[in-house]
$ cat entry_0.pdb   # PDB, C-alpha atoms
ATOM      1  CA  MET T   1      92.791  25.607 -87.023
ATOM      2  CA  ALA T   2      92.376  22.575 -84.819
ATOM      3  CA  THR T   3      95.699  23.323 -83.097
ATOM      4  CA  ALA T   4      94.555  26.865 -82.317
ATOM      5  CA  VAL T   5      91.270  25.610 -80.861
ATOM      6  CA  ILE T   6      93.092  23.082 -78.667
ATOM      7  CA  SER T   7      95.539  25.733 -77.468
ATOM      8  CA  THR T   8      92.672  28.088 -76.631
ATOM      9  CA  ALA T   9      90.889  25.325 -74.711
ATOM     10  CA  LYS T  10      94.020  24.504 -72.711
ATOM     11  CA  LEU T  11      94.481  28.180 -71.889
ATOM     12  CA  ARG T  12      90.888  28.393 -70.625
ATOM     13  CA  VAL T  13      91.352  25.270 -68.507
ATOM     14  CA  ARG T  14      94.479  26.750 -66.953
ATOM     15  CA  ARG T  15      92.684  29.998 -66.216
ATOM     16  CA  VAL T  16      89.737  28.151 -64.665
ATOM     17  CA  SER T  17      92.035  25.967 -62.561
ATOM     18  CA  ARG T  18      93.977  28.999 -61.379
ATOM     19  CA  ALA T  19      90.758  30.845 -60.602
ATOM     20  CA  GLY T  20      89.518  27.823 -58.683
ATOM     21  CA  ALA T  21      92.783  27.499 -56.773
ATOM     22  CA  GLU T  22      92.791  31.057 -55.466
ATOM     23  CA  PRO T  23      89.581  30.811 -53.379
ATOM     24  CA  SER T  24      90.874  27.653 -51.673
ATOM     25  CA  TRP T  25      93.833  29.556 -50.229
ATOM     26  CA  LYS T  26      91.508  32.364 -49.222
ATOM     27  CA  ALA T  27      89.272  29.838 -47.502
ATOM     28  CA  TYR T  28      92.218  28.382 -45.589
ATOM     29  CA  ALA T  29      93.263  31.878 -44.570
ATOM     30  CA  LEU T  30      89.759  32.610 -43.285
ATOM     31  CA  ILE T  31      89.471  29.437 -41.206
ATOM     32  CA  ALA T  32      93.069  29.598 -39.947
ATOM     33  CA  PRO T  33      92.294  31.813 -36.889
ATOM     34  CA  ALA T  34      89.482  29.515 -35.770
ATOM     35  CA  GLY T  35      91.677  26.474 -36.443
ATOM     36  CA  ILE T  36      94.511  27.910 -34.363
ATOM     37  CA  LEU T  37      92.160  28.708 -31.475
ATOM     38  CA  TYR T  38      90.664  25.204 -31.668
ATOM     39  CA  ALA T  39      94.104  23.612 -31.627
ATOM     40  CA  VAL T  40      95.328  25.747 -28.716
ATOM     41  CA  PHE T  41      92.245  25.445 -26.507
ATOM     42  CA  GLN T  42      90.974  21.981 -27.497
ATOM     43  CA  LEU T  43      93.564  19.709 -29.092
ATOM     44  CA  VAL T  44      96.532  20.751 -26.963
ATOM     45  CA  PRO T  45      94.640  20.273 -23.639
ATOM     46  CA  ILE T  46      93.389  16.867 -24.812
ATOM     47  CA  VAL T  47      96.911  15.748 -25.701
ATOM     48  CA  GLY T  48      98.203  17.204 -22.432
ATOM     49  CA  ALA T  49      95.551  15.320 -20.446
ATOM     50  CA  VAL T  50      96.502  12.041 -22.125
ATOM     51  CA  VAL T  51     100.190  12.625 -21.376
ATOM     52  CA  LEU T  52      99.535  13.563 -17.740
ATOM     53  CA  SER T  53      97.352  10.472 -17.276
ATOM     54  CA  PHE T  54     100.535   8.390 -17.457
ATOM     55  CA  THR T  55     102.182  10.369 -14.675
ATOM     56  CA  SER T  56     101.982  10.974 -10.945
ATOM     57  CA  TRP T  57     101.856  14.687 -10.148
ATOM     58  CA  ASN T  58     100.570  16.861  -7.311
ATOM     59  CA  GLY T  59      99.711  19.718  -9.678
ATOM     60  CA  ILE T  60     102.048  22.188  -7.989
ATOM     61  CA  ASN T  61     105.697  21.634  -8.871
ATOM     62  CA  LEU T  62     106.595  20.508 -12.397
ATOM     63  CA  ALA T  63     109.768  18.927 -11.033
ATOM     64  CA  ASP T  64     107.622  16.414  -9.124
ATOM     65  CA  ILE T  65     106.113  14.847 -12.245
ATOM     66  CA  LYS T  66     106.913  11.131 -12.389
ATOM     67  CA  PHE T  67     106.097   8.740 -15.213
ATOM     68  CA  VAL T  68     104.098   5.777 -13.892
ATOM     69  CA  GLY T  69     102.971   4.142 -17.132
ATOM     70  CA  VAL T  70      99.505   2.574 -17.056
ATOM     71  CA  ALA T  71      99.337   2.453 -13.246
ATOM     72  CA  ASN T  72      96.595   5.107 -13.162
ATOM     73  CA  TYR T  73      94.460   3.124 -15.596
ATOM     74  CA  GLN T  74      94.984  -0.056 -13.617
ATOM     75  CA  ARG T  75      93.839   1.844 -10.556
ATOM     76  CA  LEU T  76      90.578   2.735 -12.321
ATOM     77  CA  PHE T  77      89.494  -0.903 -12.457
ATOM     78  CA  THR T  78      89.808  -1.324  -8.688
ATOM     79  CA  ASP T  79      88.537   2.114  -7.633
ATOM     80  CA  GLY T  80      85.089   1.662  -6.111
ATOM     81  CA  LEU T  81      84.382   5.406  -6.076
ATOM     82  CA  PHE T  82      85.087   5.612  -9.807
ATOM     83  CA  TRP T  83      82.586   2.875 -10.587
ATOM     84  CA  SER T  84      79.970   4.241  -8.188
ATOM     85  CA  SER T  85      80.333   7.658  -9.838
ATOM     86  CA  PHE T  86      79.956   5.985 -13.231
ATOM     87  CA  GLY T  87      76.809   4.278 -11.973
ATOM     88  CA  HIS T  88      75.441   7.642 -10.851
ATOM     89  CA  ASN T  89      76.031   9.016 -14.350
ATOM     90  CA  VAL T  90      74.195   6.039 -15.824
ATOM     91  CA  PHE T  91      71.270   6.700 -13.465
ATOM     92  CA  VAL T  92      71.148  10.356 -14.554
ATOM     93  CA  ALA T  93      71.326   9.342 -18.228
ATOM     94  CA  VAL T  94      68.416   6.894 -17.862
ATOM     95  CA  MET T  95      66.292   9.466 -16.032
ATOM     96  CA  VAL T  96      67.137  12.083 -18.660
ATOM     97  CA  PHE T  97      66.121   9.688 -21.435
ATOM     98  CA  PHE T  98      62.739   8.808 -19.950
ATOM     99  CA  PHE T  99      61.723  12.076 -18.302
ATOM    100  CA  MET T 100      63.454  14.703 -20.438
ATOM    101  CA  SER T 101      63.771  13.200 -23.918
ATOM    102  CA  ALA T 102      60.545  11.163 -23.994
ATOM    103  CA  GLY T 103      58.642  13.526 -21.694
ATOM    104  CA  SER T 104      59.550  16.612 -23.706
ATOM    105  CA  PHE T 105      58.318  14.910 -26.876
ATOM    106  CA  VAL T 106      54.958  14.169 -25.258
ATOM    107  CA  LEU T 107      54.599  17.762 -24.063
ATOM    108  CA  ALA T 108      55.700  19.119 -27.451
ATOM    109  CA  ALA T 109      53.107  16.911 -29.185
ATOM    110  CA  ILE T 110      50.388  18.187 -26.840
ATOM    111  CA  ILE T 111      51.357  21.818 -27.433
ATOM    112  CA  HIS T 112      51.630  21.206 -31.198
ATOM    113  CA  ALA T 113      48.128  19.753 -31.192
ATOM    114  CA  GLY T 114      46.874  23.237 -30.316
ATOM    115  CA  ILE T 115      45.669  22.885 -26.734
ATOM    116  CA  ARG T 116      44.531  26.031 -24.969
ATOM    117  CA  GLY T 117      47.361  27.666 -23.072
ATOM    118  CA  GLY T 118      50.084  26.018 -25.153
ATOM    119  CA  ALA T 119      52.098  29.234 -25.346
ATOM    120  CA  PHE T 120      51.928  29.547 -21.543
ATOM    121  CA  PHE T 121      53.356  26.047 -21.037
ATOM    122  CA  ARG T 122      56.065  26.761 -23.588
ATOM    123  CA  ILE T 123      57.191  29.820 -21.637
ATOM    124  CA  VAL T 124      56.934  28.111 -18.250
ATOM    125  CA  PHE T 125      59.081  25.135 -19.242
ATOM    126  CA  PHE T 126      61.598  27.183 -21.220
ATOM    127  CA  ALA T 127      62.111  29.812 -18.493
ATOM    128  CA  PRO T 128      64.569  27.666 -16.433
ATOM    129  CA  VAL T 129      66.773  27.252 -19.522
ATOM    130  CA  VAL T 130      67.750  30.934 -19.498
ATOM    131  CA  ILE T 131      68.572  30.852 -15.768
ATOM    132  CA  SER T 132      72.207  30.191 -14.922
ATOM    133  CA  THR T 133      72.966  26.731 -13.597
ATOM    134  CA  VAL T 134      74.372  28.070 -10.335
ATOM    135  CA  ALA T 135      71.273  30.206  -9.719
ATOM    136  CA  MET T 136      69.016  27.257 -10.489
ATOM    137  CA  ALA T 137      70.981  25.024  -8.121
ATOM    138  CA  MET T 138      70.852  27.612  -5.324
ATOM    139  CA  LEU T 139      67.104  27.930  -5.807
ATOM    140  CA  ALA T 140      66.771  24.140  -5.679
ATOM    141  CA  ILE T 141      68.677  24.072  -2.361
ATOM    142  CA  PHE T 142      66.009  26.380  -0.935
ATOM    143  CA  PHE T 143      63.244  24.092  -2.198
ATOM    144  CA  PHE T 144      64.882  20.926  -0.841
ATOM    145  CA  SER T 145      65.796  22.409   2.551
ATOM    146  CA  PRO T 146      64.703  19.906   5.237
ATOM    147  CA  SER T 147      63.560  22.529   7.742
ATOM    148  CA  GLN T 148      62.099  25.411   5.737
ATOM    149  CA  GLY T 149      62.092  24.036   2.199
ATOM    150  CA  LEU T 150      58.941  24.491   0.139
ATOM    151  CA  ILE T 151      58.723  20.794  -0.675
ATOM    152  CA  ASN T 152      58.646  19.600   2.939
ATOM    153  CA  GLU T 153      56.421  22.517   3.998
ATOM    154  CA  GLY T 154      54.021  21.647   1.173
ATOM    155  CA  LEU T 155      53.929  18.003   2.224
ATOM    156  CA  ARG T 156      53.201  18.971   5.819
ATOM    157  CA  ALA T 157      50.496  21.394   4.695
ATOM    158  CA  ILE T 158      48.548  18.633   2.938
ATOM    159  CA  GLY T 159      48.980  16.127   5.752
ATOM    160  CA  LEU T 160      51.866  14.174   4.235
ATOM    161  CA  GLY T 161      54.495  15.258   6.738
ATOM    162  CA  ALA T 162      55.667  11.652   7.074
ATOM    163  CA  TRP T 163      56.947  11.918   3.490
ATOM    164  CA  ALA T 164      59.201  14.864   4.342
ATOM    165  CA  GLN T 165      62.849  14.008   3.800
ATOM    166  CA  PRO T 166      66.240  15.615   4.378
ATOM    167  CA  TRP T 167      66.584  15.243   0.575
ATOM    168  CA  LEU T 168      70.088  16.585  -0.132
ATOM    169  CA  GLY T 169      71.383  15.297   3.206
ATOM    170  CA  ASP T 170      70.106  11.759   2.613
ATOM    171  CA  ALA T 171      72.309   9.380   0.643
ATOM    172  CA  LYS T 172      69.197   7.799  -0.873
ATOM    173  CA  TRP T 173      67.587  11.034  -2.077
ATOM    174  CA  ALA T 174      70.557  13.295  -2.882
ATOM    175  CA  LEU T 175      71.167  12.018  -6.411
ATOM    176  CA  PRO T 176      67.455  11.898  -7.412
ATOM    177  CA  SER T 177      67.051  15.461  -6.117
ATOM    178  CA  VAL T 178      69.998  16.712  -8.155
ATOM    179  CA  THR T 179      68.787  14.798 -11.211
ATOM    180  CA  ALA T 180      65.312  16.295 -10.929
ATOM    181  CA  THR T 181      66.810  19.793 -10.769
ATOM    182  CA  TYR T 182      68.972  19.145 -13.827
ATOM    183  CA  ILE T 183      66.040  17.750 -15.835
ATOM    184  CA  LEU T 184      63.767  20.635 -14.870
ATOM    185  CA  GLN T 185      66.306  23.200 -16.025
ATOM    186  CA  ASN T 186      66.937  21.583 -19.425
ATOM    187  CA  PHE T 187      63.464  20.207 -20.131
ATOM    188  CA  GLY T 188      62.256  23.280 -22.011
ATOM    189  CA  PHE T 189      65.120  23.227 -24.508
ATOM    190  CA  SER T 190      64.165  19.709 -25.615
ATOM    191  CA  VAL T 191      60.529  20.787 -25.898
ATOM    192  CA  VAL T 192      61.475  23.636 -28.245
ATOM    193  CA  LEU T 193      63.561  21.285 -30.406
ATOM    194  CA  PHE T 194      60.703  18.803 -30.703
ATOM    195  CA  LEU T 195      58.231  21.588 -31.490
ATOM    196  CA  SER T 196      60.412  22.739 -34.370
ATOM    197  CA  ALA T 197      60.671  19.132 -35.600
ATOM    198  CA  LEU T 198      56.903  18.561 -35.445
ATOM    199  CA  THR T 199      56.350  21.498 -37.813
ATOM    200  CA  GLN T 200      58.156  19.427 -40.473
ATOM    201  CA  VAL T 201      55.599  16.615 -40.299
ATOM    202  CA  ASN T 202      53.464  16.523 -43.458
ATOM    203  CA  ASP T 203      49.873  16.912 -42.244
ATOM    204  CA  GLU T 204      48.493  15.778 -45.609
ATOM    205  CA  ILE T 205      50.213  12.401 -45.274
ATOM    206  CA  CYS T 206      48.837  12.007 -41.749
ATOM    207  CA  GLU T 207      45.320  12.902 -42.904
ATOM    208  CA  ALA T 208      45.547  10.510 -45.842
ATOM    209  CA  ALA T 209      46.723   7.713 -43.560
ATOM    210  CA  GLU T 210      43.872   8.422 -41.160
ATOM    211  CA  VAL T 211      41.355   8.293 -44.036
ATOM    212  CA  ASP T 212      42.829   4.929 -45.078
ATOM    213  CA  GLY T 213      42.082   3.606 -41.596
ATOM    214  CA  ALA T 214      45.478   3.901 -39.946
ATOM    215  CA  SER T 215      45.358   4.191 -36.177
ATOM    216  CA  GLN T 216      46.922   7.121 -34.335
ATOM    217  CA  GLY T 217      49.586   4.816 -32.968
ATOM    218  CA  ARG T 218      50.528   3.631 -36.450
ATOM    219  CA  ILE T 219      50.627   7.203 -37.749
ATOM    220  CA  LEU T 220      52.893   8.140 -34.850
ATOM    221  CA  TRP T 221      55.197   5.164 -35.351
ATOM    222  CA  GLN T 222      55.427   5.132 -39.150
ATOM    223  CA  ILE T 223      55.072   8.811 -40.106
ATOM    224  CA  VAL T 224      55.698  11.194 -37.223
ATOM    225  CA  LEU T 225      58.658   9.475 -35.539
ATOM    226  CA  PRO T 226      60.630   8.836 -38.774
ATOM    227  CA  THR T 227      60.141  12.489 -39.715
ATOM    228  CA  ILE T 228      61.433  13.887 -36.436
ATOM    229  CA  LYS T 229      64.076  11.192 -35.955
ATOM    230  CA  PRO T 230      67.061  13.466 -36.815
ATOM    231  CA  VAL T 231      66.012  15.959 -34.135
ATOM    232  CA  ALA T 232      65.131  13.186 -31.695
ATOM    233  CA  SER T 233      68.584  11.682 -32.221
ATOM    234  CA  VAL T 234      70.198  15.021 -31.400
ATOM    235  CA  VAL T 235      68.073  15.396 -28.255
ATOM    236  CA  VAL T 236      68.916  11.887 -27.042
ATOM    237  CA  LEU T 237      72.604  12.200 -27.891
ATOM    238  CA  LEU T 238      72.946  15.570 -26.153
ATOM    239  CA  GLY T 239      71.017  14.189 -23.189
ATOM    240  CA  PHE T 240      73.393  11.253 -22.759
ATOM    241  CA  ILE T 241      76.543  13.318 -23.289
ATOM    242  CA  ASN T 242      75.466  16.089 -20.923
ATOM    243  CA  SER T 243      74.451  13.490 -18.333
ATOM    244  CA  PHE T 244      78.037  12.239 -18.244
ATOM    245  CA  ARG T 245      79.380  15.804 -18.175
ATOM    246  CA  LEU T 246      77.187  16.818 -15.255
ATOM    247  CA  PHE T 247      79.178  18.874 -12.768
ATOM    248  CA  ASP T 248      77.950  22.338 -11.759
ATOM    249  CA  THR T 249      74.479  21.320 -10.552
ATOM    250  CA  VAL T 250      75.938  18.517  -8.424
ATOM    251  CA  TYR T 251      78.826  20.603  -7.115
ATOM    252  CA  VAL T 252      76.617  23.499  -5.995
ATOM    253  CA  MET T 253      73.863  21.375  -4.461
ATOM    254  CA  THR T 254      75.766  18.533  -2.769
ATOM    255  CA  ALA T 255      79.462  18.700  -3.817
ATOM    256  CA  GLY T 256      79.115  14.963  -4.438
ATOM    257  CA  GLY T 257      77.912  14.154  -0.929
ATOM    258  CA  PRO T 258      76.787  12.905   1.404
ATOM    259  CA  PHE T 259      79.648  10.402   1.464
ATOM    260  CA  HIS T 260      80.001  10.417  -2.362
ATOM    261  CA  ALA T 261      76.339   9.402  -2.747
ATOM    262  CA  SER T 262      75.805  11.927  -5.550
ATOM    263  CA  ASP T 263      79.287  12.013  -7.062
ATOM    264  CA  THR T 264      79.491  11.951 -10.852
ATOM    265  CA  LEU T 265      82.600  11.233 -12.874
ATOM    266  CA  VAL T 266      83.346  14.935 -13.314
ATOM    267  CA  THR T 267      82.863  15.840  -9.648
ATOM    268  CA  TYR T 268      84.981  12.845  -8.647
ATOM    269  CA  LEU T 269      87.628  13.946 -11.155
ATOM    270  CA  TYR T 270      87.571  17.423  -9.613
ATOM    271  CA  SER T 271      87.883  16.156  -6.051
ATOM    272  CA  VAL T 272      90.742  13.813  -6.964
ATOM    273  CA  SER T 273      92.678  16.411  -8.970
ATOM    274  CA  PHE T 274      92.205  19.491  -6.797
ATOM    275  CA  GLY T 275      91.108  18.092  -3.446
ATOM    276  CA  GLY T 276      93.512  15.164  -3.382
ATOM    277  CA  ASN T 277      96.277  16.804  -5.466
ATOM    278  CA  ASP T 278      96.448  13.709  -7.685
ATOM    279  CA  VAL T 279      96.454  15.326 -11.116
ATOM    280  CA  GLY T 280      97.773  12.264 -12.921
ATOM    281  CA  TYR T 281      94.953  10.023 -11.740
ATOM    282  CA  GLY T 282      92.431  12.820 -12.302
ATOM    283  CA  ASN T 283      93.502  13.049 -15.941
ATOM    284  CA  ALA T 284      93.180   9.281 -16.270
ATOM    285  CA  ILE T 285      89.558   9.633 -15.129
ATOM    286  CA  GLY T 286      89.102  12.414 -17.688
ATOM    287  CA  VAL T 287      90.502  10.268 -20.502
ATOM    288  CA  ALA T 288      88.235   7.398 -19.474
ATOM    289  CA  LEU T 289      85.265   9.782 -19.545
ATOM    290  CA  PHE T 290      86.310  10.992 -23.003
ATOM    291  CA  VAL T 291      86.383   7.400 -24.267
ATOM    292  CA  ILE T 292      82.946   6.718 -22.741
ATOM    293  CA  LEU T 293      81.472   9.774 -24.499
ATOM    294  CA  CYS T 294      83.010   8.730 -27.810
ATOM    295  CA  ILE T 295      81.519   5.242 -27.474
ATOM    296  CA  ILE T 296      78.084   6.704 -26.693
ATOM    297  CA  ALA T 297      78.280   9.014 -29.715
ATOM    298  CA  VAL T 298      79.363   6.214 -32.071
ATOM    299  CA  ILE T 299      76.600   3.869 -30.875
ATOM    300  CA  GLN T 300      73.980   6.599 -31.198
ATOM    301  CA  LEU T 301      75.092   7.529 -34.715
ATOM    302  CA  ARG T 302      75.132   3.899 -35.840
ATOM    303  CA  ILE T 303      71.623   3.343 -34.506
ATOM    304  CA  THR T 304      70.153   6.414 -36.203
ATOM    305  CA  ARG T 305      72.127   6.337 -39.479
ATOM    306  CA  GLY T 306      70.559   5.399 -42.794
ATOM    307  CA  GLU T 307      66.839   5.913 -42.115
ATOM    308  CA  LYS T 308      64.952   8.529 -44.146
ATOM    309  CA  ALA T 309      61.812  10.400 -43.247
ATOM    310  CA  PRO T 310      58.667   9.946 -45.367
ATOM    311  CA  ARG T 311      57.936  12.586 -47.993
TER     312      ARG T 311
END
$ encode --input "entry_0.pdb" --output "structure tokens"
Amino acid sequence: MATAVISTAKLRVRRVSRAGAEPSWKAYALIAPAGILYAVFQLVPIVGAVVLSFTSWNGINLADIKFVGVANYQRLFTDGLFWSSFGHNVFVAVMVFFFMSAGSFVLAAIIHAGIRGGAFFRIVFFAPVVISTVAMAMLAIFFFSPSQGLINEGLRAIGLGAWAQPWLGDAKWALPSVTATYILQNFGFSVVLFLSALTQVNDEICEAAEVDGASQGRILWQIVLPTIKPVASVVVLLGFINSFRLFDTVYVMTAGGPFHASDTLVTYLYSVSFGGNDVGYGNAIGVALFVILCIIAVIQLRITRGEKAPR
């Protein structure tokens, strides 16, 4: 009797294991097309970029490819334009952090508090998000035009004509102008993310803390911010990563000029690879940018990992 029971149990285990094994193959079959596309369009180009970064190539004739070892990476350390472009990316990232990440949280908190016209502000700030980057950049060129631009005309209309600038044609103002355009276009998306996060804040806990005598600042610091921290981390991380990937806004508005005053790493990579026909060095810049983005992501994840929101 006992032998029969054991045999029946083993048979059931085999059937369960076989039944559990079948869906795994089906799952692999379902994700295989996406995996193949990811490998072809993501992994292969990354590997190709790393390989080309150790070569010297004009991007035209494959027979002209020459292996140069780490010469391209050694060149990075002495390339002033590379480091100035990196500094421009850092400037954009800092401005994005303070004006887009922190500023969008403040606006989201104001709208969430139920001010009159909150829906209007939500639409106004989100509208640029749905506009294409090229269209937004072309519109910004019209605003920043030194002769007929709305900004300079507005300054002259209120008696501040001395403040009028050539903006995009001035090495001092080109990068801030491009950065302002980029922040304005993406500001509304961060606001929407913070608004969705603020709906997760437990109002009862906030009210109880207020009854116990907690100040608004303490409620914000110890209840609200820990609750929305996962979303805030995503907003900050995306802000930093996109700041170092900035290309189209800069390319349309200034093409990195005047005299590389608004070049970012991606626009400099583009000009080196396609303008200077130095594909090997351009790929070295791309690999360096990839490493920078990985470092930023790792630091951000380490900072934000392990903290839980209050319940």
$ atom_distance --input "entry_0.pdb" --atom1 "atom CA of T:Ala288" --atom2 "atom CA of T:Ala93"
17.1 Å
$ closest_residue --input "entry_0.pdb" --among "T:Gln222, T:Asn277, T:Thr264, T:Asn242" --to "T:Ile60" --atoms "all atoms listed in the file"
T:Asn277
$ resolve_selection --input "entry_0.pdb" --expression "the PyMOL selection byres ((chain T and resi 237) around 12)" --output "NGL selection string"
:T and (93 or 96-97 or 101 or 190 or 229-236 or 238-244 or 293-304)
$ residues_around --input "entry_0.pdb" --residues "T:Gly276" --least-positions-apart "6" --cutoff "10 Å" --atoms "all atoms listed in the file" --output "list in words"
Asn58, Gly59, Leu269, Tyr270 and Gly282 of chain T
$ atom_distance --input "entry_0.pdb" --atom1 "atom CA of T:Gly114" --atom2 "atom CA of T:Val129"
23.0 Å
$ residues_around --input "entry_0.pdb" --residues "T:Ala119" --least-positions-apart "5" --cutoff "12 Å" --atoms "only C-alpha atoms" --output "PyMOL selection string"
chain T and resi 107-108+110-114+124-126+191-192+195
$ residues_around --input "entry_0.pdb" --residues "T:Thr133" --least-positions-apart "5" --cutoff "12 Å" --atoms "only C-alpha atoms" --output "list in words"
Pro128, Met138, Leu139, Ala140, Val178, Thr181, Tyr182, Ile183, Leu184, Gln185, Asn186, Leu246, Phe247, Asp248, Thr249, Val250, Tyr251, Val252 and Met253 of chain T
$ closest_residue --input "entry_0.pdb" --among "T:Phe187, T:Phe120, T:Trp221, T:Phe290" --to "T:Phe98" --atoms "all atoms listed in the file"
T:Phe187
$ resolve_selection --input "entry_0.pdb" --expression "the PyMOL selection byres ((chain T and resi 200-202) around 10)" --output "list in words"
Leu195, Ser196, Ala197, Leu198, Thr199, Asp203, Glu204, Ile205, Cys206, Glu207, Ile223, Val224, Leu225, Pro226, Thr227, Ile228, Ala309, Pro310 and Arg311 of chain T
$ residues_around --input "entry_0.pdb" --residues "T:Ser147" --least-positions-apart "6" --cutoff "10 Å" --atoms "all atoms listed in the file" --output "list in words"
Glu153, Ala164, Gln165 and Pro166 of chain T
$ atom_distance --input "entry_0.pdb" --atom1 "atom CA of T:Gly256" --atom2 "atom CA of T:Ser85"
9.2 Å
$ resolve_selection --input "entry_0.pdb" --expression "the PyMOL selection byres ((chain T and resi 280) around 12)" --output "NGL selection string"
:T and (48-60 or 64-73 or 75-76 or 269-270 or 272-274 or 276-279 or 281-287)
$ write_last_selection --input "entry_0.pdb" --atoms "C-alpha atoms" --output "PDB file, in the frame of the given file"
ATOM      1  CA  GLY T  48      98.203  17.204 -22.432  1.00  0.00           C
ATOM      2  CA  ALA T  49      95.551  15.320 -20.446  1.00  0.00           C
ATOM      3  CA  VAL T  50      96.502  12.041 -22.125  1.00  0.00           C
ATOM      4  CA  VAL T  51     100.190  12.625 -21.376  1.00  0.00           C
ATOM      5  CA  LEU T  52      99.535  13.563 -17.740  1.00  0.00           C
ATOM      6  CA  SER T  53      97.352  10.472 -17.276  1.00  0.00           C
ATOM      7  CA  PHE T  54     100.535   8.390 -17.457  1.00  0.00           C
ATOM      8  CA  THR T  55     102.182  10.369 -14.675  1.00  0.00           C
ATOM      9  CA  SER T  56     101.982  10.974 -10.945  1.00  0.00           C
ATOM     10  CA  TRP T  57     101.856  14.687 -10.148  1.00  0.00           C
ATOM     11  CA  ASN T  58     100.570  16.861  -7.311  1.00  0.00           C
ATOM     12  CA  GLY T  59      99.711  19.718  -9.678  1.00  0.00           C
ATOM     13  CA  ILE T  60     102.048  22.188  -7.989  1.00  0.00           C
ATOM     14  CA  ASP T  64     107.622  16.414  -9.124  1.00  0.00           C
ATOM     15  CA  ILE T  65     106.113  14.847 -12.245  1.00  0.00           C
ATOM     16  CA  LYS T  66     106.913  11.131 -12.389  1.00  0.00           C
ATOM     17  CA  PHE T  67     106.097   8.740 -15.213  1.00  0.00           C
ATOM     18  CA  VAL T  68     104.098   5.777 -13.892  1.00  0.00           C
ATOM     19  CA  GLY T  69     102.971   4.142 -17.132  1.00  0.00           C
ATOM     20  CA  VAL T  70      99.505   2.574 -17.056  1.00  0.00           C
ATOM     21  CA  ALA T  71      99.337   2.453 -13.246  1.00  0.00           C
ATOM     22  CA  ASN T  72      96.595   5.107 -13.162  1.00  0.00           C
ATOM     23  CA  TYR T  73      94.460   3.124 -15.596  1.00  0.00           C
ATOM     24  CA  ARG T  75      93.839   1.844 -10.556  1.00  0.00           C
ATOM     25  CA  LEU T  76      90.578   2.735 -12.321  1.00  0.00           C
ATOM     26  CA  LEU T 269      87.628  13.946 -11.155  1.00  0.00           C
ATOM     27  CA  TYR T 270      87.571  17.423  -9.613  1.00  0.00           C
ATOM     28  CA  VAL T 272      90.742  13.813  -6.964  1.00  0.00           C
ATOM     29  CA  SER T 273      92.678  16.411  -8.970  1.00  0.00           C
ATOM     30  CA  PHE T 274      92.205  19.491  -6.797  1.00  0.00           C
ATOM     31  CA  GLY T 276      93.512  15.164  -3.382  1.00  0.00           C
ATOM     32  CA  ASN T 277      96.277  16.804  -5.466  1.00  0.00           C
ATOM     33  CA  ASP T 278      96.448  13.709  -7.685  1.00  0.00           C
ATOM     34  CA  VAL T 279      96.454  15.326 -11.116  1.00  0.00           C
ATOM     35  CA  TYR T 281      94.953  10.023 -11.740  1.00  0.00           C
ATOM     36  CA  GLY T 282      92.431  12.820 -12.302  1.00  0.00           C
ATOM     37  CA  ASN T 283      93.502  13.049 -15.941  1.00  0.00           C
ATOM     38  CA  ALA T 284      93.180   9.281 -16.270  1.00  0.00           C
ATOM     39  CA  ILE T 285      89.558   9.633 -15.129  1.00  0.00           C
ATOM     40  CA  GLY T 286      89.102  12.414 -17.688  1.00  0.00           C
ATOM     41  CA  VAL T 287      90.502  10.268 -20.502  1.00  0.00           C
TER      42      VAL T 287
END
$ closest_residue --input "entry_0.pdb" --among "T:Ala137, T:Ala39, T:Ile115, T:Ala157" --to "T:Ala255" --atoms "all atoms listed in the file"
T:Ala137
$ residues_near_point --input "entry_0.pdb" --point "(77.1, 4.4, -9.6)" --cutoff "12 Å" --atoms "all atoms listed in the file" --output "list of chain:residue names"
T:Asp79, T:Gly80, T:Leu81, T:Phe82, T:Trp83, T:Ser84, T:Ser85, T:Phe86, T:Gly87, T:His88, T:Asn89, T:Val90, T:Phe91, T:Val92, T:Ala93, T:Leu175, T:Phe244, T:Gly256, T:His260, T:Ala261, T:Ser262, T:Asp263, T:Thr264, T:Leu265, T:Tyr268
$ closest_residue --input "entry_0.pdb" --among "T:Ser215, T:Thr254, T:Asn152, T:Asn61" --to "T:Thr267" --atoms "all atoms listed in the file"
T:Thr254
$ closest_residue --input "entry_0.pdb" --among "T:Gly213, T:Gly35, T:Gly188, T:Gly159" --to "T:Phe105" --atoms "only C-alpha atoms"
T:Gly188
$ closest_residue --input "entry_0.pdb" --among "T:Phe99, T:Phe189, T:Phe77, T:Phe142" --to "T:Ile123" --atoms "all atoms listed in the file"
T:Phe189
